[in-house]
Amino acid sequence: MSDKQWSEVNLLRPKKGYMGGEVLITSVILIGWGGATFGFQLLQKFLATTPQGENIFTRYTFFNLPLNVWFTGQFLPLWFVILCMIYNLYIDRLTERHSRTRYPYEHE
Amino acid sequence: MNMSDLQIKFVPLVIAVVVLTSFLLVGLLHKVRESSDYGLGGRSIGRLGSGAAIASNWMSAASFLGMAGFFYLYGYLGLACVIGWTGGYVLLLILLAGQIRRFGKYTAPDFVGERYDSPAARLISALISVTISVIYCAAQFKGIGILFGWLFGLPYTTAVTFGSIAVISYVVFAGSQGVMKNQQLQYTILIISFIVPLMFLAKKLGYFWLLPQFGYGAALPQLSPEFRSSFTLPFAGSSLFQWSALCFTLMVGTAGLPHVLSRFYIVPNIRDARWSLVWGLYFIALIYWSAPAYAVFARLLEAKSGVVPDLATARGMADMIVITAATKGGLPLWLVGVLAAGGLSAAFATVSGLLMTGAASCSHDIYAGLLHPAASEYRKMRVAKGCTLLLALAVYLIAVNPPGLIVEITAVAFALAGNTIFPAFLLGIWWGRANRQGIITGMLLGVLITFAAPLFGTFIPTLATIFPVTSSALCGAPLVILVTIVVSLLTPPPPERIRRFLATEVHGHLD
């Protein structure tokens, strides 16, 4: 390892190759994570018609719950599981691809 | 409190004793049979089994009792706990898990000491980890005190004293006998003891009981208008800032919590570890989908009986609400006993894990790492045992006069982790230029921020608004990260050896 070329690690300037792929999928998942969690609450604030936050989502029910409660309390934990699955599938593929370029005959 | 609350409840007591003893017995048998293979063992139990272990390691009195209580009191704000404590695992997986594993140091002090090449930073992070353990344990002790109070019919102060003695004896016995935790068994008991009473309750009250997680919503229209809006309207009980701050704090805290991080790395292979986290998250979600149902049923029973407590009374009862809902809902006493046994085993397991890691950190990182580098293994073991008792005493002193609800106490521990350990891991992994001057400043600032509201809130009210004691990390963690970056850039870079290691091994292992 000692003679390998290296450059400073920086999340905002990932190097090409494995780290680039990692940063790409991490960014995509982060957007899905933050958008659904905080974005949805912001949207409720934006659409609120009363100070208490009545909005279009509070008026409809789904699985017996107001849509906003269902989305936040029940869908989001499931969404997190889905996000983690997407991340894992992508990283599995990324790792396989890069293992092949490094040790071309190992996976034959 | 009525008369029946002050009586000893034999059947539930027997159930609780049987459950806790069975964990010890199974642990002892397990130890005899496979002494070489440590608890969260590898491929033999598979990803699903490891996931159950992650979930049972995570479940504490905060999940079992505290969350429903918080939801009962604050309605929609309680969902911030559900989201915070599940969404944190996403951050852990995508930002830290694989990289820390390639770095090869799993406890916060080990990582910080090695990455920032600084004994001082290592000491600070060890002290912070121990503090997190103590605060987190205090919330567990409160839960144990409440359950003991119900089981033995004792007032809280006496009950928490008995409970503390019981849990410390449990920890010392398990530790001295080398009891292996069977976390799959534990998760199975936890999920059954949480969901089955809820199904009974839903059936008794006439709602869809097969999946009470979906059934309880039908009870919402029966609630008094006040609680209906508190449960369903997003800004009825809290502002957008309060909700987001609590949620974000619990998320970054989860990703920075020392015992979560280190537990996850015992799985031998990284791919299995990543996939078992998905299972773990799913198993955690199963409990979190159900917790709000207890709160809604409790409010429904209150509305039906016509006795609605005022806010102060409700606050006093909130952490007990899971048990109260079950008894008031007319569940047979043995079934309430099952529920209580589940809560107790969650709290006991969490306490034993946290006290043992806390004591190990005192002995390994602080005593041997700093005061007596030449200490023998025997000496370190003695110190660790002494520290277990000292930490337990500190925990007891907080818990005997609890400063808040279980969730609130727990949230302070998460805020501390999110303001200190999380930035140290995040920058340590993703920015080679972060150095020891930066992280020491950052972590100390993080400690100040976490306790800013109680310390300076009375003189400078703005601080208490920006950094609420339970949710300081929304503004705190980004500020700590910024300060760490600025200080790092103003001081010399860390040794080339470490930056090269980060670039070639942690982020370049396949290039």
# chains A, B, ... in the order shown; residues from 1 in each chain; ligands from 1
call {"tool": "residues_around", "arguments": {"residues": "range 76-83 of chain A", "least_positions_apart": "5", "cutoff": "9 Å", "atoms": "only C-alpha atoms", "output": "VMD selection string"}}
result
(chain A and resid 29 32 to 33 36 to 37 70 to 71 88) or (chain B and resid 82 to 83 86 to 87 89 to 90 278 to 279 281 to 282 285 288 to 289)
call {"tool": "residues_around", "arguments": {"residues": "Phe38 in chain A", "least_positions_apart": "3", "cutoff": "10 Å", "atoms": "only C-alpha atoms", "output": "number ranges by chain"}}
result
A: 33-35, 41-44; B: 240, 243-244, 247-248
call {"tool": "write_last_selection", "arguments": {"atoms": "C-alpha atoms", "output": "mmCIF file, in the first residue's frame"}}
result
data_model
loop_
_atom_site.group_PDB
_atom_site.id
_atom_site.type_symbol
_atom_site.label_atom_id
_atom_site.label_comp_id
_atom_site.auth_asym_id
_atom_site.auth_seq_id
_atom_site.Cartn_x
_atom_site.Cartn_y
_atom_site.Cartn_z
ATOM 1 C CA TRP A 33 -34.127 10.161 3.414
ATOM 2 C CA GLY A 34 -34.214 13.906 4.045
ATOM 3 C CA GLY A 35 -36.846 14.715 1.447
ATOM 4 C CA GLN A 41 -43.128 18.187 7.262
ATOM 5 C CA LEU A 42 -42.125 21.345 5.380
ATOM 6 C CA LEU A 43 -44.751 20.610 2.770
ATOM 7 C CA GLN A 44 -47.378 20.263 5.513
ATOM 8 C CA LEU B 240 -42.044 22.599 12.750
ATOM 9 C CA TRP B 243 -40.489 18.412 15.520
ATOM 10 C CA SER B 244 -37.551 18.510 13.108
ATOM 11 C CA CYS B 247 -36.258 13.976 14.901
ATOM 12 C CA PHE B 248 -32.840 15.043 13.570
#
call {"tool": "residues_around", "arguments": {"residues": "Pro66 in chain A", "least_positions_apart": "5", "cutoff": "9 Å", "atoms": "only C-alpha atoms", "output": "JSON, numbers by chain"}}
result
{"A": [57, 58, 59, 60, 61, 71], "B": [217, 232, 233]}
call {"tool": "atom_distance", "arguments": {"atom1": "CA of Phe23 in chain B", "atom2": "CA of Lys181 in chain B"}}
result
7.5 Å
call {"tool": "residues_around", "arguments": {"residues": "Thr357 in chain B", "least_positions_apart": "2", "cutoff": "9 Å", "atoms": "only C-alpha atoms", "output": "VMD selection string"}}
result
chain B and resid 130 133 258 to 259 352 to 355 359 to 362
call {"tool": "residues_around", "arguments": {"residues": "range 8-19 of chain B", "least_positions_apart": "5", "cutoff": "8 Å", "atoms": "only C-alpha atoms", "output": "PDB file with all heavy atoms, in the first residue's frame"}}
result
ATOM      1  N   TRP B 150     -44.979  -1.056  40.091  1.00  0.00           N
ATOM      2  CA  TRP B 150     -46.256  -1.694  39.767  1.00  0.00           C
ATOM      3  C   TRP B 150     -46.285  -3.137  40.271  1.00  0.00           C
ATOM      4  O   TRP B 150     -47.257  -3.581  40.877  1.00  0.00           O
ATOM      5  CB  TRP B 150     -46.481  -1.649  38.259  1.00  0.00           C
ATOM      6  CG  TRP B 150     -47.780  -2.261  37.856  1.00  0.00           C
ATOM      7  CD1 TRP B 150     -49.021  -1.697  37.986  1.00  0.00           C
ATOM      8  CD2 TRP B 150     -47.978  -3.555  37.279  1.00  0.00           C
ATOM      9  NE1 TRP B 150     -49.975  -2.566  37.520  1.00  0.00           N
ATOM     10  CE2 TRP B 150     -49.361  -3.715  37.082  1.00  0.00           C
ATOM     11  CE3 TRP B 150     -47.117  -4.586  36.910  1.00  0.00           C
ATOM     12  CZ2 TRP B 150     -49.909  -4.866  36.533  1.00  0.00           C
ATOM     13  CZ3 TRP B 150     -47.659  -5.738  36.360  1.00  0.00           C
ATOM     14  CH2 TRP B 150     -49.053  -5.879  36.176  1.00  0.00           C
ATOM     15  N   LEU B 151     -45.181  -3.871  40.029  1.00  0.00           N
ATOM     16  CA  LEU B 151     -45.158  -5.294  40.395  1.00  0.00           C
ATOM     17  C   LEU B 151     -45.258  -5.495  41.899  1.00  0.00           C
ATOM     18  O   LEU B 151     -45.974  -6.368  42.376  1.00  0.00           O
ATOM     19  CB  LEU B 151     -43.863  -5.941  39.893  1.00  0.00           C
ATOM     20  CG  LEU B 151     -43.761  -6.259  38.404  1.00  0.00           C
ATOM     21  CD1 LEU B 151     -42.342  -6.656  38.048  1.00  0.00           C
ATOM     22  CD2 LEU B 151     -44.723  -7.369  38.031  1.00  0.00           C
ATOM     23  N   PHE B 152     -44.498  -4.670  42.651  1.00  0.00           N
ATOM     24  CA  PHE B 152     -44.447  -4.876  44.099  1.00  0.00           C
ATOM     25  C   PHE B 152     -45.415  -3.968  44.855  1.00  0.00           C
ATOM     26  O   PHE B 152     -45.504  -4.040  46.081  1.00  0.00           O
ATOM     27  CB  PHE B 152     -43.025  -4.632  44.622  1.00  0.00           C
ATOM     28  CG  PHE B 152     -42.049  -5.691  44.215  1.00  0.00           C
ATOM     29  CD1 PHE B 152     -41.233  -5.507  43.111  1.00  0.00           C
ATOM     30  CD2 PHE B 152     -41.938  -6.873  44.929  1.00  0.00           C
ATOM     31  CE1 PHE B 152     -40.323  -6.478  42.723  1.00  0.00           C
ATOM     32  CE2 PHE B 152     -41.034  -7.854  44.556  1.00  0.00           C
ATOM     33  CZ  PHE B 152     -40.224  -7.656  43.445  1.00  0.00           C
ATOM     34  N   GLY B 153     -46.095  -3.060  44.133  1.00  0.00           N
ATOM     35  CA  GLY B 153     -46.983  -2.132  44.798  1.00  0.00           C
ATOM     36  C   GLY B 153     -46.251  -1.166  45.706  1.00  0.00           C
ATOM     37  O   GLY B 153     -46.652  -0.909  46.834  1.00  0.00           O
ATOM     38  N   LEU B 333     -54.651 -10.282  34.315  1.00  0.00           N
ATOM     39  CA  LEU B 333     -53.455  -9.834  35.003  1.00  0.00           C
ATOM     40  C   LEU B 333     -52.193 -10.516  34.479  1.00  0.00           C
ATOM     41  O   LEU B 333     -51.135  -9.880  34.353  1.00  0.00           O
ATOM     42  CB  LEU B 333     -53.612 -10.100  36.505  1.00  0.00           C
ATOM     43  CG  LEU B 333     -52.667  -9.304  37.403  1.00  0.00           C
ATOM     44  CD1 LEU B 333     -52.798  -7.811  37.160  1.00  0.00           C
ATOM     45  CD2 LEU B 333     -52.936  -9.623  38.870  1.00  0.00           C
ATOM     46  N   TRP B 334     -52.314 -11.814  34.114  1.00  0.00           N
ATOM     47  CA  TRP B 334     -51.103 -12.504  33.637  1.00  0.00           C
ATOM     48  C   TRP B 334     -50.577 -11.883  32.346  1.00  0.00           C
ATOM     49  O   TRP B 334     -49.371 -11.805  32.125  1.00  0.00           O
ATOM     50  CB  TRP B 334     -51.361 -14.003  33.450  1.00  0.00           C
ATOM     51  CG  TRP B 334     -52.389 -14.334  32.387  1.00  0.00           C
ATOM     52  CD1 TRP B 334     -53.723 -14.511  32.581  1.00  0.00           C
ATOM     53  CD2 TRP B 334     -52.154 -14.508  30.995  1.00  0.00           C
ATOM     54  NE1 TRP B 334     -54.341 -14.775  31.386  1.00  0.00           N
ATOM     55  CE2 TRP B 334     -53.398 -14.793  30.397  1.00  0.00           C
ATOM     56  CE3 TRP B 334     -51.018 -14.465  30.183  1.00  0.00           C
ATOM     57  CZ2 TRP B 334     -53.549 -15.009  29.025  1.00  0.00           C
ATOM     58  CZ3 TRP B 334     -51.164 -14.684  28.816  1.00  0.00           C
ATOM     59  CH2 TRP B 334     -52.417 -14.949  28.247  1.00  0.00           C
ATOM     60  N   LEU B 335     -51.513 -11.364  31.539  1.00  0.00           N
ATOM     61  CA  LEU B 335     -51.089 -10.795  30.262  1.00  0.00           C
ATOM     62  C   LEU B 335     -50.382  -9.454  30.491  1.00  0.00           C
ATOM     63  O   LEU B 335     -49.394  -9.133  29.815  1.00  0.00           O
ATOM     64  CB  LEU B 335     -52.305 -10.627  29.353  1.00  0.00           C
ATOM     65  CG  LEU B 335     -52.002 -10.471  27.873  1.00  0.00           C
ATOM     66  CD1 LEU B 335     -51.152 -11.612  27.357  1.00  0.00           C
ATOM     67  CD2 LEU B 335     -53.287 -10.373  27.075  1.00  0.00           C
ATOM     68  N   VAL B 336     -50.890  -8.690  31.452  1.00  0.00           N
ATOM     69  CA  VAL B 336     -50.183  -7.462  31.811  1.00  0.00           C
ATOM     70  C   VAL B 336     -48.802  -7.819  32.359  1.00  0.00           C
ATOM     71  O   VAL B 336     -47.816  -7.115  32.126  1.00  0.00           O
ATOM     72  CB  VAL B 336     -50.973  -6.641  32.848  1.00  0.00           C
ATOM     73  CG1 VAL B 336     -50.366  -5.272  32.993  1.00  0.00           C
ATOM     74  CG2 VAL B 336     -52.427  -6.525  32.441  1.00  0.00           C
ATOM     75  N   GLY B 337     -48.743  -8.973  33.059  1.00  0.00           N
ATOM     76  CA  GLY B 337     -47.456  -9.447  33.560  1.00  0.00           C
ATOM     77  C   GLY B 337     -46.482  -9.732  32.430  1.00  0.00           C
ATOM     78  O   GLY B 337     -45.293  -9.412  32.520  1.00  0.00           O
ATOM     79  N   VAL B 338     -46.987 -10.318  31.351  1.00  0.00           N
ATOM     80  CA  VAL B 338     -46.137 -10.590  30.189  1.00  0.00           C
ATOM     81  C   VAL B 338     -45.575  -9.280  29.639  1.00  0.00           C
ATOM     82  O   VAL B 338     -44.379  -9.148  29.323  1.00  0.00           O
ATOM     83  CB  VAL B 338     -46.942 -11.330  29.098  1.00  0.00           C
ATOM     84  CG1 VAL B 338     -46.184 -11.386  27.788  1.00  0.00           C
ATOM     85  CG2 VAL B 338     -47.290 -12.731  29.566  1.00  0.00           C
ATOM     86  N   ALA B 340     -45.176  -6.452  31.266  1.00  0.00           N
ATOM     87  CA  ALA B 340     -44.196  -5.906  32.207  1.00  0.00           C
ATOM     88  C   ALA B 340     -42.879  -6.667  32.120  1.00  0.00           C
ATOM     89  O   ALA B 340     -41.797  -6.071  32.180  1.00  0.00           O
ATOM     90  CB  ALA B 340     -44.751  -5.960  33.628  1.00  0.00           C
ATOM     91  N   ALA B 341     -42.975  -7.994  31.958  1.00  0.00           N
ATOM     92  CA  ALA B 341     -41.758  -8.797  31.846  1.00  0.00           C
ATOM     93  C   ALA B 341     -40.961  -8.392  30.613  1.00  0.00           C
ATOM     94  O   ALA B 341     -39.727  -8.308  30.646  1.00  0.00           O
ATOM     95  CB  ALA B 341     -42.110 -10.276  31.786  1.00  0.00           C
ATOM     96  N   GLY B 342     -41.672  -8.127  29.502  1.00  0.00           N
ATOM     97  CA  GLY B 342     -40.988  -7.668  28.286  1.00  0.00           C
ATOM     98  C   GLY B 342     -40.264  -6.361  28.528  1.00  0.00           C
ATOM     99  O   GLY B 342     -39.097  -6.212  28.165  1.00  0.00           O
ATOM    100  N   LEU B 344     -39.249  -5.130  31.370  1.00  0.00           N
ATOM    101  CA  LEU B 344     -38.121  -5.336  32.282  1.00  0.00           C
ATOM    102  C   LEU B 344     -36.934  -5.955  31.560  1.00  0.00           C
ATOM    103  O   LEU B 344     -35.790  -5.537  31.756  1.00  0.00           O
ATOM    104  CB  LEU B 344     -38.531  -6.256  33.433  1.00  0.00           C
ATOM    105  CG  LEU B 344     -39.072  -5.600  34.700  1.00  0.00           C
ATOM    106  CD1 LEU B 344     -39.271  -6.655  35.771  1.00  0.00           C
ATOM    107  CD2 LEU B 344     -38.127  -4.515  35.212  1.00  0.00           C
ATOM    108  N   SER B 345     -37.215  -6.952  30.695  1.00  0.00           N
ATOM    109  CA  SER B 345     -36.065  -7.597  30.063  1.00  0.00           C
ATOM    110  C   SER B 345     -35.388  -6.652  29.074  1.00  0.00           C
ATOM    111  O   SER B 345     -34.163  -6.673  28.950  1.00  0.00           O
ATOM    112  CB  SER B 345     -36.453  -8.924  29.413  1.00  0.00           C
ATOM    113  OG  SER B 345     -37.541  -8.757  28.570  1.00  0.00           O
TER     114      SER B 345
END
call {"tool": "closest_residue", "arguments": {"among": "A:Val23, A:Ile31, A:Ile86, A:Val9", "to": "chain B", "atoms": "only C-alpha atoms"}}
result
A:Val9
call {"tool": "closest_residue", "arguments": {"among": "A:Cys84, A:Val69, A:Ala48, A:Ile56", "to": "Leu30 in chain A", "atoms": "only C-alpha atoms"}}
result
A:Cys84
call {"tool": "select_by_dssp", "arguments": {"residues": "chain A", "states": "alpha helix (DSSP H)", "output": "ChimeraX atom specification"}}
result
/A:18-34,40-47,56-59,67-69,76-102
call {"tool": "atom_distance", "arguments": {"atom1": "CA of Ser305 in chain B", "atom2": "CA of Lys328 in chain B"}}
result
9.8 Å
call {"tool": "atom_distance", "arguments": {"atom1": "CA of Leu250 in chain B", "atom2": "CA of Thr450 in chain B"}}
result
12.9 Å
call {"tool": "select_by_dssp", "arguments": {"residues": "chain A", "states": "strand (DSSP E or B)", "output": "list in words"}}
result
Asn10, Thr61, Phe62, Leu65 and Pro66 of chain A
call {"tool": "write_last_selection", "arguments": {"atoms": "C-alpha atoms", "output": "PDB file, in the first residue's frame"}}
result
ATOM      1  CA  ASN A  10     -12.943  14.615   0.639  1.00  0.00           C
ATOM      2  CA  THR A  61     -57.624   8.835   5.776  1.00  0.00           C
ATOM      3  CA  PHE A  62     -55.683   5.758   4.778  1.00  0.00           C
ATOM      4  CA  LEU A  65     -55.270   7.003   9.911  1.00  0.00           C
ATOM      5  CA  PRO A  66     -55.133  10.565   8.600  1.00  0.00           C
TER       6      PRO A  66
END
